[in-house]
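File shown here: coords36.cif, holding mmCIF, C-alpha atoms and all ligand atoms; chains and numbers go by the auth columns.
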```cif
data_input
#
loop_
_atom_site.group_PDB
_atom_site.id
_atom_site.type_symbol
_atom_site.label_atom_id
_atom_site.label_comp_id
_atom_site.label_asym_id
_atom_site.label_seq_id
_atom_site.Cartn_x
_atom_site.Cartn_y
_atom_site.Cartn_z
_atom_site.B_iso_or_equiv
_atom_site.auth_seq_id
_atom_site.auth_asym_id
ATOM 1 C CA MET A 1 29.449 -9.492 -35.011 0.00 145 A
ATOM 2 C CA THR A 2 29.465 -9.453 -31.194 0.00 146 A
ATOM 3 C CA GLU A 3 28.284 -12.700 -29.652 0.00 147 A
ATOM 4 C CA LYS A 4 25.285 -12.014 -27.414 0.00 148 A
ATOM 5 C CA GLY A 5 25.732 -12.190 -23.670 0.00 149 A
ATOM 6 C CA LEU A 6 24.157 -14.909 -21.564 0.00 150 A
ATOM 7 C CA LEU A 7 20.896 -14.147 -19.804 0.00 151 A
ATOM 8 C CA LEU A 8 21.261 -15.682 -16.333 0.00 152 A
ATOM 9 C CA VAL A 9 18.048 -15.984 -14.353 0.00 153 A
ATOM 10 C CA LEU A 10 18.592 -16.681 -10.658 0.00 154 A
ATOM 11 C CA SER A 11 15.359 -17.503 -8.911 0.00 155 A
ATOM 12 C CA GLY A 12 14.109 -19.304 -5.841 0.00 156 A
ATOM 13 C CA PRO A 13 12.112 -18.595 -2.692 0.00 157 A
ATOM 14 C CA SER A 14 12.441 -15.373 -0.754 0.00 158 A
ATOM 15 C CA GLY A 15 15.217 -15.653 1.825 0.00 159 A
ATOM 16 C CA VAL A 16 17.011 -18.565 0.155 0.00 160 A
ATOM 17 C CA GLY A 17 20.039 -16.314 -0.374 0.00 161 A
ATOM 18 C CA LYS A 18 19.853 -15.048 -3.973 0.00 162 A
ATOM 19 C CA GLY A 19 21.094 -11.583 -3.029 0.00 163 A
ATOM 20 C CA THR A 20 23.804 -12.957 -0.756 0.00 164 A
ATOM 21 C CA VAL A 21 25.101 -15.340 -3.421 0.00 165 A
ATOM 22 C CA LYS A 22 25.004 -12.591 -6.063 0.00 166 A
ATOM 23 C CA SER A 23 26.986 -10.251 -3.787 0.00 167 A
ATOM 24 C CA ALA A 24 29.565 -12.979 -3.120 0.00 168 A
ATOM 25 C CA ILE A 25 30.032 -13.452 -6.878 0.00 169 A
ATOM 26 C CA VAL A 26 30.570 -9.698 -7.302 0.00 170 A
ATOM 27 C CA GLU A 27 32.823 -9.217 -4.260 0.00 171 A
ATOM 28 C CA ASN A 28 35.059 -12.169 -5.110 0.00 172 A
ATOM 29 C CA LYS A 29 35.033 -11.320 -8.833 0.00 173 A
ATOM 30 C CA VAL A 30 34.008 -14.916 -9.578 0.00 174 A
ATOM 31 C CA PHE A 31 32.821 -14.017 -13.089 0.00 175 A
ATOM 32 C CA PRO A 32 31.767 -10.743 -14.701 0.00 176 A
ATOM 33 C CA PHE A 33 28.105 -9.909 -15.258 0.00 177 A
ATOM 34 C CA GLU A 34 25.760 -6.940 -15.325 0.00 178 A
ATOM 35 C CA TYR A 35 22.940 -6.876 -12.811 0.00 179 A
ATOM 36 C CA SER A 36 19.448 -6.007 -14.010 0.00 180 A
ATOM 37 C CA VAL A 37 18.005 -3.530 -11.495 0.00 181 A
ATOM 38 C CA SER A 38 14.313 -4.274 -10.937 0.00 182 A
ATOM 39 C CA MET A 39 11.500 -1.840 -10.355 0.00 183 A
ATOM 40 C CA THR A 40 9.389 -2.287 -7.230 0.00 184 A
ATOM 41 C CA THR A 41 6.597 -0.651 -5.270 0.00 185 A
ATOM 42 C CA ARG A 42 8.101 -2.011 -2.024 0.00 186 A
ATOM 43 C CA LYS A 43 9.540 0.558 0.372 0.00 187 A
ATOM 44 C CA PRO A 44 13.351 0.558 0.640 0.00 188 A
ATOM 45 C CA ARG A 45 14.892 -1.361 3.530 0.00 189 A
ATOM 46 C CA PRO A 46 17.541 0.423 5.599 0.00 190 A
ATOM 47 C CA GLY A 47 20.681 0.680 3.484 0.00 191 A
ATOM 48 C CA GLU A 48 19.002 -0.017 0.148 0.00 192 A
ATOM 49 C CA VAL A 49 19.875 2.499 -2.556 0.00 193 A
ATOM 50 C CA ASP A 50 17.456 3.648 -5.261 0.00 194 A
ATOM 51 C CA GLY A 51 18.785 2.763 -8.727 0.00 195 A
ATOM 52 C CA GLN A 52 21.234 0.250 -7.270 0.00 196 A
ATOM 53 C CA ASP A 53 19.170 -2.286 -5.299 0.00 197 A
ATOM 54 C CA TYR A 54 15.865 -1.403 -6.990 0.00 198 A
ATOM 55 C CA TYR A 55 14.118 1.462 -8.671 0.00 199 A
ATOM 56 C CA PHE A 56 11.648 2.269 -5.891 0.00 200 A
ATOM 57 C CA VAL A 57 8.484 3.650 -7.483 0.00 201 A
ATOM 58 C CA SER A 58 4.832 4.359 -6.670 0.00 202 A
ATOM 59 C CA GLU A 59 2.056 1.988 -7.807 0.00 203 A
ATOM 60 C CA GLU A 60 1.040 4.660 -10.308 0.00 204 A
ATOM 61 C CA LYS A 61 4.505 4.776 -11.894 0.00 205 A
ATOM 62 C CA PHE A 62 4.676 0.964 -11.935 0.00 206 A
ATOM 63 C CA GLY A 63 1.273 0.829 -13.679 0.00 207 A
ATOM 64 C CA GLU A 64 2.540 3.331 -16.255 0.00 208 A
ATOM 65 C CA ALA A 65 5.617 1.163 -16.973 0.00 209 A
ATOM 66 C CA ILE A 66 3.324 -1.837 -17.554 0.00 210 A
ATOM 67 C CA LYS A 67 1.057 0.214 -19.832 0.00 211 A
ATOM 68 C CA GLN A 68 4.008 1.459 -21.891 0.00 212 A
ATOM 69 C CA GLY A 69 5.274 -2.132 -22.348 0.00 213 A
ATOM 70 C CA GLU A 70 8.569 -1.283 -20.621 0.00 214 A
ATOM 71 C CA LEU A 71 8.746 -4.443 -18.505 0.00 215 A
ATOM 72 C CA LEU A 72 10.055 -7.807 -19.682 0.00 216 A
ATOM 73 C CA GLU A 73 8.033 -9.361 -16.849 0.00 217 A
ATOM 74 C CA TYR A 74 6.368 -8.295 -13.638 0.00 218 A
ATOM 75 C CA ASN A 75 4.625 -9.908 -10.730 0.00 219 A
ATOM 76 C CA LYS A 76 2.757 -9.026 -7.570 0.00 220 A
ATOM 77 C CA TYR A 77 4.755 -10.772 -4.876 0.00 221 A
ATOM 78 C CA VAL A 78 2.977 -10.961 -1.490 0.00 222 A
ATOM 79 C CA ASN A 79 1.919 -7.258 -1.246 0.00 223 A
ATOM 80 C CA ASN A 80 4.140 -5.447 -3.735 0.00 224 A
ATOM 81 C CA TYR A 81 4.838 -5.272 -7.452 0.00 225 A
ATOM 82 C CA TYR A 82 8.226 -6.186 -8.912 0.00 226 A
ATOM 83 C CA GLY A 83 9.306 -6.014 -12.548 0.00 227 A
ATOM 84 C CA THR A 84 12.280 -6.147 -14.910 0.00 228 A
ATOM 85 C CA PRO A 85 12.836 -3.134 -17.203 0.00 229 A
ATOM 86 C CA PHE A 86 13.455 -4.648 -20.638 0.00 230 A
ATOM 87 C CA ALA A 87 15.489 -1.973 -22.486 0.00 231 A
ATOM 88 C CA PRO A 88 18.652 -2.161 -20.328 0.00 232 A
ATOM 89 C CA VAL A 89 18.608 -5.978 -20.410 0.00 233 A
ATOM 90 C CA LYS A 90 18.400 -6.036 -24.210 0.00 234 A
ATOM 91 C CA LYS A 91 21.132 -3.400 -24.586 0.00 235 A
ATOM 92 C CA MET A 92 23.571 -5.249 -22.318 0.00 236 A
ATOM 93 C CA LEU A 93 22.933 -8.619 -23.994 0.00 237 A
ATOM 94 C CA ASP A 94 23.407 -7.040 -27.440 0.00 238 A
ATOM 95 C CA GLU A 95 26.736 -5.610 -26.235 0.00 239 A
ATOM 96 C CA GLY A 96 27.828 -9.164 -25.421 0.00 240 A
ATOM 97 C CA LYS A 97 27.570 -8.758 -21.649 0.00 241 A
ATOM 98 C CA ASP A 98 26.165 -11.487 -19.429 0.00 242 A
ATOM 99 C CA VAL A 99 23.145 -10.208 -17.518 0.00 243 A
ATOM 100 C CA LEU A 100 21.833 -11.547 -14.211 0.00 244 A
ATOM 101 C CA LEU A 101 18.172 -11.279 -13.230 0.00 245 A
ATOM 102 C CA GLU A 102 17.337 -12.048 -9.597 0.00 246 A
ATOM 103 C CA ILE A 103 13.577 -12.539 -9.704 0.00 247 A
ATOM 104 C CA ASP A 104 10.765 -14.640 -8.272 0.00 248 A
ATOM 105 C CA VAL A 105 9.533 -17.852 -9.891 0.00 249 A
ATOM 106 C CA ASN A 106 6.480 -16.302 -11.593 0.00 250 A
ATOM 107 C CA GLY A 107 8.702 -13.706 -13.231 0.00 251 A
ATOM 108 C CA ALA A 108 11.172 -16.413 -14.253 0.00 252 A
ATOM 109 C CA LYS A 109 8.332 -18.347 -15.916 0.00 253 A
ATOM 110 C CA THR A 110 7.461 -15.326 -18.062 0.00 254 A
ATOM 111 C CA VAL A 111 11.109 -14.761 -18.988 0.00 255 A
ATOM 112 C CA ARG A 112 11.366 -18.443 -19.953 0.00 256 A
ATOM 113 C CA GLU A 113 8.454 -17.946 -22.375 0.00 257 A
ATOM 114 C CA LYS A 114 9.845 -14.731 -23.865 0.00 258 A
ATOM 115 C CA MET A 115 13.577 -15.506 -23.813 0.00 259 A
ATOM 116 C CA PRO A 116 13.949 -19.296 -23.875 0.00 260 A
ATOM 117 C CA ASP A 117 17.708 -19.088 -24.541 0.00 261 A
ATOM 118 C CA GLY A 118 18.247 -17.855 -20.977 0.00 262 A
ATOM 119 C CA VAL A 119 19.951 -20.004 -18.363 0.00 263 A
ATOM 120 C CA PHE A 120 17.492 -20.684 -15.551 0.00 264 A
ATOM 121 C CA ILE A 121 18.980 -21.483 -12.146 0.00 265 A
ATOM 122 C CA PHE A 122 16.808 -22.379 -9.162 0.00 266 A
ATOM 123 C CA LEU A 123 18.454 -21.664 -5.820 0.00 267 A
ATOM 124 C CA THR A 124 16.968 -23.926 -3.188 0.00 268 A
ATOM 125 C CA PRO A 125 17.306 -23.974 0.614 0.00 269 A
ATOM 126 C CA PRO A 126 18.574 -27.149 2.307 0.00 270 A
ATOM 127 C CA ASP A 127 15.058 -27.334 3.912 0.00 271 A
ATOM 128 C CA LEU A 128 12.094 -25.078 4.761 0.00 272 A
ATOM 129 C CA HIS A 129 13.068 -24.751 8.427 0.00 273 A
ATOM 130 C CA THR A 130 16.407 -23.256 7.379 0.00 274 A
ATOM 131 C CA LEU A 131 14.567 -20.895 5.025 0.00 275 A
ATOM 132 C CA HIS A 132 12.316 -19.728 7.861 0.00 276 A
ATOM 133 C CA LEU A 133 15.339 -19.144 10.110 0.00 277 A
ATOM 134 C CA ARG A 134 17.121 -17.178 7.392 0.00 278 A
ATOM 135 C CA LEU A 135 14.138 -14.885 6.934 0.00 279 A
ATOM 136 C CA GLU A 136 13.819 -14.416 10.709 0.00 280 A
ATOM 137 C CA ASN A 137 17.531 -13.733 11.142 0.00 281 A
ATOM 138 C CA ARG A 138 17.494 -11.224 8.282 0.00 282 A
ATOM 139 C CA GLY A 139 15.007 -9.278 10.388 0.00 283 A
ATOM 140 C CA THR A 140 13.554 -7.242 7.523 0.00 284 A
ATOM 141 C CA GLU A 141 9.981 -8.605 7.562 0.00 285 A
ATOM 142 C CA SER A 142 7.317 -9.031 10.222 0.00 286 A
ATOM 143 C CA GLU A 143 6.388 -12.598 11.268 0.00 287 A
ATOM 144 C CA ASP A 144 3.167 -12.269 9.214 0.00 288 A
ATOM 145 C CA VAL A 145 5.067 -11.418 6.054 0.00 289 A
ATOM 146 C CA ILE A 146 7.593 -14.190 6.775 0.00 290 A
ATOM 147 C CA LEU A 147 4.765 -16.736 7.037 0.00 291 A
ATOM 148 C CA GLY A 148 3.357 -15.431 3.717 0.00 292 A
ATOM 149 C CA ARG A 149 6.776 -15.873 2.107 0.00 293 A
ATOM 150 C CA ILE A 150 7.180 -19.414 3.525 0.00 294 A
ATOM 151 C CA ASN A 151 3.750 -20.374 2.178 0.00 295 A
ATOM 152 C CA GLN A 152 4.728 -18.953 -1.174 0.00 296 A
ATOM 153 C CA ALA A 153 8.009 -20.949 -0.995 0.00 297 A
ATOM 154 C CA ARG A 154 6.084 -24.243 -0.690 0.00 298 A
ATOM 155 C CA GLN A 155 4.433 -23.540 -4.055 0.00 299 A
ATOM 156 C CA GLU A 156 7.616 -22.169 -5.639 0.00 300 A
ATOM 157 C CA ILE A 157 9.719 -25.245 -4.871 0.00 301 A
ATOM 158 C CA LEU A 158 7.206 -27.338 -6.841 0.00 302 A
ATOM 159 C CA VAL A 159 8.007 -25.512 -10.097 0.00 303 A
ATOM 160 C CA MET A 160 11.695 -26.368 -9.965 0.00 304 A
ATOM 161 C CA GLN A 161 11.230 -28.799 -12.857 0.00 305 A
ATOM 162 C CA ASP A 162 10.950 -25.843 -15.267 0.00 306 A
ATOM 163 C CA TYR A 163 14.563 -24.842 -14.586 0.00 307 A
ATOM 164 C CA ASP A 164 17.833 -25.869 -16.198 0.00 308 A
ATOM 165 C CA TYR A 165 19.760 -26.160 -12.940 0.00 309 A
ATOM 166 C CA ALA A 166 19.067 -26.562 -9.211 0.00 310 A
ATOM 167 C CA VAL A 167 21.687 -25.253 -6.793 0.00 311 A
ATOM 168 C CA VAL A 168 21.414 -25.872 -3.040 0.00 312 A
ATOM 169 C CA ASN A 169 22.461 -22.866 -1.008 0.00 313 A
ATOM 170 C CA ASP A 170 23.824 -24.778 1.968 0.00 314 A
ATOM 171 C CA THR A 171 26.918 -22.630 2.162 0.00 315 A
ATOM 172 C CA VAL A 172 27.426 -19.513 0.079 0.00 316 A
ATOM 173 C CA ALA A 173 30.813 -20.828 -1.104 0.00 317 A
ATOM 174 C CA ASN A 174 29.232 -24.060 -2.437 0.00 318 A
ATOM 175 C CA ALA A 175 26.426 -22.201 -4.197 0.00 319 A
ATOM 176 C CA VAL A 176 28.880 -19.766 -5.801 0.00 320 A
ATOM 177 C CA ASP A 177 31.110 -22.657 -6.994 0.00 321 A
ATOM 178 C CA HIS A 178 28.135 -24.428 -8.602 0.00 322 A
ATOM 179 C CA ILE A 179 26.890 -21.285 -10.321 0.00 323 A
ATOM 180 C CA LYS A 180 30.389 -20.572 -11.650 0.00 324 A
ATOM 181 C CA ALA A 181 30.545 -24.127 -13.061 0.00 325 A
ATOM 182 C CA ILE A 182 27.149 -23.615 -14.762 0.00 326 A
ATOM 183 C CA VAL A 183 28.146 -20.292 -16.303 0.00 327 A
ATOM 184 C CA ASP A 184 31.472 -21.672 -17.534 0.00 328 A
ATOM 185 C CA ALA A 185 29.705 -24.653 -19.129 0.00 329 A
ATOM 186 C CA GLU A 186 26.998 -22.498 -20.720 0.00 330 A
ATOM 187 C CA HIS A 187 29.651 -20.307 -22.355 0.00 331 A
ATOM 188 C CA VAL A 188 30.846 -23.298 -24.372 0.00 332 A
ATOM 189 C CA SER A 189 27.499 -25.049 -24.870 0.00 333 A
ATOM 190 C CA VAL A 190 26.927 -26.081 -28.482 0.00 334 A
ATOM 191 C CA LYS A 191 23.586 -24.262 -28.673 0.00 335 A
ATOM 192 C CA ARG A 192 25.439 -21.048 -27.851 0.00 336 A
ATOM 193 C CA VAL A 193 28.505 -21.398 -30.099 0.00 337 A
ATOM 194 C CA ILE A 194 26.972 -23.209 -33.081 0.00 338 A
ATOM 195 C CA ASP A 195 26.236 -19.999 -35.036 0.00 339 A
ATOM 196 C CA THR A 196 29.900 -18.947 -34.856 0.00 340 A
ATOM 197 C CA TYR A 197 30.962 -22.308 -36.333 0.00 341 A
ATOM 198 C CA ARG A 198 28.258 -22.233 -39.025 0.00 342 A
ATOM 199 C CA LYS A 199 29.546 -18.794 -40.038 0.00 343 A
ATOM 200 C CA MET A 200 33.131 -20.103 -40.107 0.00 344 A
ATOM 201 C CA VAL A 201 32.148 -22.930 -42.466 0.00 345 A
ATOM 202 C CA ARG A 202 30.122 -20.619 -44.740 0.00 346 A
ATOM 203 C CA GLU A 203 33.010 -18.154 -45.049 0.00 347 A
ATOM 204 C CA ASP A 204 35.651 -20.843 -45.683 0.00 348 A
HETATM 205 N N1 LIG B . 24.302 -20.128 2.710 0.00 1 B
HETATM 206 C C1 LIG B . 23.805 -19.394 3.704 0.00 1 B
HETATM 207 N N2 LIG B . 23.991 -19.758 4.986 0.00 1 B
HETATM 208 C C2 LIG B . 23.491 -19.031 6.009 0.00 1 B
HETATM 209 N N3 LIG B . 22.805 -17.872 5.859 0.00 1 B
HETATM 210 C C3 LIG B . 22.596 -17.456 4.591 0.00 1 B
HETATM 211 C C4 LIG B . 23.080 -18.171 3.469 0.00 1 B
HETATM 212 N N4 LIG B . 22.714 -17.493 2.334 0.00 1 B
HETATM 213 C C5 LIG B . 22.023 -16.410 2.747 0.00 1 B
HETATM 214 N N5 LIG B . 21.957 -16.372 4.102 0.00 1 B
HETATM 215 C C6 LIG B . 21.254 -15.384 4.930 0.00 1 B
HETATM 216 O O1 LIG B . 19.862 -15.558 4.696 0.00 1 B
HETATM 217 C C7 LIG B . 19.180 -14.306 4.682 0.00 1 B
HETATM 218 C C8 LIG B . 18.428 -14.155 3.337 0.00 1 B
HETATM 219 O O2 LIG B . 19.372 -13.983 2.292 0.00 1 B
HETATM 220 P P1 LIG B . 19.064 -13.028 1.048 0.00 1 B
HETATM 221 O O3 LIG B . 18.538 -11.717 1.526 0.00 1 B
HETATM 222 O O4 LIG B . 20.304 -13.028 0.225 0.00 1 B
HETATM 223 O O5 LIG B . 17.908 -13.865 0.349 0.00 1 B
HETATM 224 P P2 LIG B . 17.108 -13.562 -1.007 0.00 1 B
HETATM 225 O O6 LIG B . 16.839 -14.874 -1.634 0.00 1 B
HETATM 226 O O7 LIG B . 17.843 -12.549 -1.806 0.00 1 B
HETATM 227 O O8 LIG B . 15.798 -12.927 -0.416 0.00 1 B
HETATM 228 P P3 LIG B . 14.678 -12.051 -1.175 0.00 1 B
HETATM 229 O O9 LIG B . 14.211 -12.869 -2.305 0.00 1 B
HETATM 230 O O10 LIG B . 13.651 -11.868 -0.097 0.00 1 B
HETATM 231 O O11 LIG B . 15.312 -10.761 -1.585 0.00 1 B
HETATM 232 C C9 LIG B . 20.229 -13.234 4.913 0.00 1 B
HETATM 233 O O12 LIG B . 20.221 -12.853 6.266 0.00 1 B
HETATM 234 C C10 LIG B . 21.546 -13.933 4.557 0.00 1 B
HETATM 235 O O13 LIG B . 22.639 -13.421 5.271 0.00 1 B
HETATM 236 N N1 LIG B . 9.085 -11.152 -10.858 0.00 2 B
HETATM 237 C C1 LIG B . 10.030 -10.408 -10.273 0.00 2 B
HETATM 238 N N2 LIG B . 10.424 -10.699 -9.016 0.00 2 B
HETATM 239 C C2 LIG B . 11.411 -9.949 -8.488 0.00 2 B
HETATM 240 C C3 LIG B . 11.988 -8.876 -9.169 0.00 2 B
HETATM 241 N N3 LIG B . 12.912 -8.303 -8.362 0.00 2 B
HETATM 242 C C4 LIG B . 12.920 -8.999 -7.220 0.00 2 B
HETATM 243 N N4 LIG B . 12.008 -9.993 -7.275 0.00 2 B
HETATM 244 C C5 LIG B . 11.682 -11.000 -6.262 0.00 2 B
HETATM 245 O O1 LIG B . 10.714 -10.511 -5.350 0.00 2 B
HETATM 246 C C6 LIG B . 10.835 -11.244 -4.110 0.00 2 B
HETATM 247 C C7 LIG B . 10.876 -10.286 -2.946 0.00 2 B
HETATM 248 O O2 LIG B . 12.012 -9.454 -3.015 0.00 2 B
HETATM 249 P P1 LIG B . 12.448 -8.546 -1.768 0.00 2 B
HETATM 250 O O3 LIG B . 13.605 -7.707 -2.267 0.00 2 B
HETATM 251 O O4 LIG B . 11.250 -7.726 -1.373 0.00 2 B
HETATM 252 O O5 LIG B . 12.848 -9.475 -0.657 0.00 2 B
HETATM 253 C C8 LIG B . 12.135 -12.045 -4.222 0.00 2 B
HETATM 254 O O6 LIG B . 11.791 -13.392 -4.526 0.00 2 B
HETATM 255 C C9 LIG B . 12.849 -11.391 -5.379 0.00 2 B
HETATM 256 O O7 LIG B . 13.706 -12.297 -6.062 0.00 2 B
HETATM 257 C C10 LIG B . 11.540 -8.613 -10.497 0.00 2 B
HETATM 258 O O8 LIG B . 12.005 -7.700 -11.203 0.00 2 B
HETATM 259 N N5 LIG B . 10.569 -9.399 -10.991 0.00 2 B
#
```
Taking this structure as input, can you express it in the form of structure tokens?
Ligand SMILES: Nc1ncnc2c1ncn2[C@@H]1O[C@H](COP(=O)(O)OP(=O)(O)OP(=O)(O)O)[C@@H](O)[C@H]1O
Ligand SMILES: Nc1nc2c(ncn2[C@@H]2O[C@H](COP(=O)(O)O)[C@@H](O)[C@H]2O)c(=O)[nH]1
Amino acid sequence: MTEKGLLLVLSGPSGVGKGTVKSAIVENKVFPFEYSVSMTTRKPRPGEVDGQDYYFVSEEKFGEAIKQGELLEYNKYVNNYYGTPFAPVKKMLDEGKDVLLEIDVNGAKTVREKMPDGVFIFLTPPDLHTLHLRLENRGTESEDVILGRINQARQEILVMQDYDYAVVNDTVANAVDHIKAIVDAEHVSVKRVIDTYRKMVRED
């Protein structure tokens, strides 16, 4: 029997650096994982690729996916819908692959309810001023949208207590090191390996 993969949920305010940290893990081959590509009604930013960064869909198509029960979770974030297609996540976990979801805190709350065995990591900025600067420097949102995201961040930081781990993204290298340590530890956590040992004892 293949041991199931770990479901890694990386969440935190917009602009904290979730995408940057994820890319650093991939580029430096820090540990292997499959990325769950979300569906969104947001328009692609320059350079974003459909099917790789997101599945970019109309509101109608998104509504259809909700109706058909295809999404593990979804949320309206500021002005757009975002959701996690469930079938690919389940398939990859069943194949023993670790799967990373990069989603907002409301989505993470739903995943926590549905898949409590996941590993929930909250990526936090050193402070809100730094978060604001990061969003401004990224240059992908208008000042209005940035202010909406900062307001949302104030609420989001308050739900950190629902997570297993908090990682400060002061430098990307530090955040990556901490996430690697968490993943390594979770791979040998008793709650994860206990079934293998129970089976060993039964078959002895
Ligand atoms: N540790 C860091 N130090 C300085 N800048 C950073 C750091 N991490 C990320 N950034 C920068 O902050 C900006 C936001 O990062 P990123 O797009 O990865 O955030 P995000 O959490 O994925 O955002 P969203 O949730 O909106 O997709 C980017 O311009 C990125 O280069
Ligand atoms: N609940 C979900 N949130 C998601 C998903 N995919 C991304 N996100 C989060 O939305 C905001 C905005 O993202 P952006 O790409 O427009 O900057 C950010 O916090 C993402 O983490 C999802 O499938 N479900």
message: Going by the chain IDs and residue numbers used in this file, which residues fall under the PyMOL selection byres (((not hetatm)) within 10 of (chain B and resi 1))? Write them as a PyMOL selection string.
response: chain A and resi 154-168+246-248+267-270+274-285+290+293+312-320
### Task
Would you list the contacts of Ala310 (chain A) as a PyMOL selection string, taking every protein, DNA or RNA residue within 9 Å and counting only C-alpha atoms, but skipping same-chain residues closer than 5 positions in sequence?
chain A and resi 264-268+304-305
Export, as a tab-separated table (two decimals), keeping the file's coordinate frame, the selected residues with C-alpha atoms.
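Listed below is the output, selection.tsv:
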```tsv
chain	number	residue	atom	x	y	z
A	264	PHE	CA	17.49	-20.68	-15.55
A	265	ILE	CA	18.98	-21.48	-12.15
A	266	PHE	CA	16.81	-22.38	-9.16
A	267	LEU	CA	18.45	-21.66	-5.82
A	268	THR	CA	16.97	-23.93	-3.19
A	304	MET	CA	11.70	-26.37	-9.96
A	305	GLN	CA	11.23	-28.80	-12.86
```
Expressed in Å, the length from CA of Val337 (chain A) to CA of Pro229 (chain A) is 27.3 Å
For the file shown, what are the residues hit by the PyMOL selection byres (((chain A and resi 260-262) around 7) and not hetatm), laid out as a compact mmCIF listing (two decimals) with C-alpha atoms, in the coordinates of the input?
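So result_15.txt came out as:
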```txt
# COMPACT_ATOMS: atom_id res chain seq x y z
CA LEU A 150 24.16 -14.91 -21.56
CA LEU A 151 20.90 -14.15 -19.80
CA LEU A 152 21.26 -15.68 -16.33
CA VAL A 153 18.05 -15.98 -14.35
CA ARG A 256 11.37 -18.44 -19.95
CA GLU A 257 8.45 -17.95 -22.38
CA LYS A 258 9.85 -14.73 -23.86
CA MET A 259 13.58 -15.51 -23.81
CA VAL A 263 19.95 -20.00 -18.36
CA PHE A 264 17.49 -20.68 -15.55
```
Target residues per the PyMOL selection byres (((chain A and resi 300) around 9) and not hetatm), formatted as a list in words = Gly156, Pro157, Asp248, Val249, Asn250, Asn295, Gln296, Ala297, Arg298, Gln299, Ile301, Leu302, Val303 and Met304 of chain A
As lines of an AutoDock Vina configuration file, please: the centre and edge lengths in Å, to one decimal, of an axis-aligned box enclosing every listed atom of ligand LIG 2 (chain B) with 4 Å added on each side.
```
center_x = 11.4
center_y = -10.5
center_z = -5.9
size_x = 12.6
size_y = 13.7
size_z = 18.5
```
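Closest approach to ligand LIG 2 (chain B) among A:Ile169, A:Val174, A:Leu215, A:Ala325: A:Leu215, based on all atoms listed in the file.
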Just to confirm, what's the straight-line distance from atom C1 of ligand LIG 2 (chain B) to CA of Phe230 (chain A) in Å (one decimal)?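 A separation of 12.3 Å between them.
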